[in-house]
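Peer 1: Encoded as structure tokens, here's the structure I'll be asking about.
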Amino acid sequence: MSANIDLVTSHKGAAHITTQNVIDLIAGLSGNISGIKIFPDLYNGLAHEIIDTLQVRVKTGAALADGFFFLLTEAYDWTLDPGTVGYSRYDVLYLVLYEDPVTNVQSADLVYQVGSDFLNGTSGTIPAAPTGTNIIATFALVQVLMTDGAIVNVTDYG
């Protein structure tokens, strides 16, 4: 009688390792896999750079999002909507994980959520994550504080 063992990382002539197998492997090695865990020494560590008053560049990098391993293979130039003089706003760039309900194909993208204006000198709220039937998870990646139509500061969530 043989044991029922699935040698997950073996080669069987076709792709067979599942996303959940990888998540379990990473969780077993690291323990806590919740949220965004950036690998700062891989590529450019998903570091940000302010390009001008309305643009932030997110550099290439690698990270885990609740155990899902992802790579940003090309820098992403995030152009923000201009604000209003006398007002501030928090905008957030979310990493969004999708799953097609028909094919079960999973994918990821960066989605920009514009915040609500609030009077300068008062406090505002962070915009909610995107929602949809094909979204399986969302993670705040980068937040920007806009004041008087220009970037004031940028915060990384990873």
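The way I read the labels, and the way they are meant: chains A, B, ... in the order of the structure tokens, residue 1 as the first residue of every chain, and ligand 1 as the first ligand shown, with later ones counted on from there.
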Please identify all polymer residues within 8 Å of segment 146-149 of chain A, counting only C-alpha atoms, omitting same-chain residues fewer than 6 positions from it, and present them as a list in words.

Peer 2: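 Using only C-alpha atoms, the neighbours found are Thr53, Leu54, Pro82, Gly83, Thr84, Val85, Gly86, Tyr87, Ser88, Arg89, Tyr90, Asp91 and Asn120 of chain A.
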
Peer 1: Report as a PyMOL selection string: the residues of chain A with a DSSP assignment of strand (DSSP E), based on the backbone of this structure.

Peer 2: chain A and resi 36-38+48-52+55-58+61-65+68-72+76-79+87-99+106-113+118-119+135-147+150-156

Peer 1: Compile the contact shell of Phe69 of chain A as a list in words: residues with an atom at most 12 Å away, counting only C-alpha atoms, same-chain residues fewer than 3 positions apart removed.

Peer 2: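 So the residues in contact are Thr19, Gln20, Asn21, Val22, Ile23, Asp24, Leu25, Ile26, Ala27, Ile33, Gly35, Ile36, Lys37, Ile38, Phe39, Gly61, Ala62, Ala63, Leu64, Ala65, Asp66, Leu72, Leu95, Leu97, Ser107 and Ala108 of chain A.
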
Peer 1: For the helix (DSSP H, G or I) assignment from backbone DSSP, which residues of chain A qualify? Please present them as a list of chain:residue names.

Peer 2: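 Filtering chain A to helix (DSSP H, G or I) leaves A:Thr19, A:Gln20, A:Asn21, A:Val22, A:Ile23, A:Asp24, A:Leu25, A:Ile26, A:Ala27, A:Gly28, A:Leu29, A:Ser30.
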
Peer 1: With a distance cut-off of 12 Å and only C-alpha atoms, select the neighbouring residues of Val105 of chain A, excluding the residue or stretch itself and same-chain residues fewer than 6 positions from it, and output the selection as an MDAnalysis selection string.

Peer 2: chainID A and resid 18:19 97:99 134:136

Peer 1: For the atom pair atom CA of Gln55 of chain A and atom CA of Tyr112 of chain A, what is the interatomic distance in Å to one decimal place?

Peer 2: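 According to the coordinates, atom CA of Gln55 of chain A and atom CA of Tyr112 of chain A are separated by 12.3 Å.
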
Peer 1: One decimal, in Å: what's the spacing between atom CA of Gly31 of chain A and atom CA of Phe68 of chain A?

Peer 2: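 It comes out at 14.0 Å.
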
Peer 1: Counting only C-alpha atoms, which of A:Glu74, A:Asp41, A:Asp100, A:Asp81 gets nearest to Val144 of chain A?

Peer 2: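 Ranking A:Glu74, A:Asp41, A:Asp100, A:Asp81 by distance to Val144 of chain A, first place goes to A:Asp81.
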
Peer 1: Could you check which of A:Leu29, A:Leu145, A:Arg57, A:Leu80 is closest to Phe118 of chain A, using only C-alpha atoms?

Peer 2: A:Leu145

Peer 1: Give me, as JSON, numbers by chain, all polymer residues having an atom no more than 10 Å from Tyr76 of chain A, counting only C-alpha atoms and skipping those fewer than 4 positions away in the same chain.

Peer 2: {"A": [46, 48, 56, 57, 58, 59, 60, 72, 110]}

Peer 1: Between A:Ser116, A:Ser30, A:Leu71, A:Glu49, which residue has the minimum interatomic distance to Ile151 of chain A, considering only C-alpha atoms?

Peer 2: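 Using only C-alpha atoms, Ile151 of chain A sits closest to A:Glu49.
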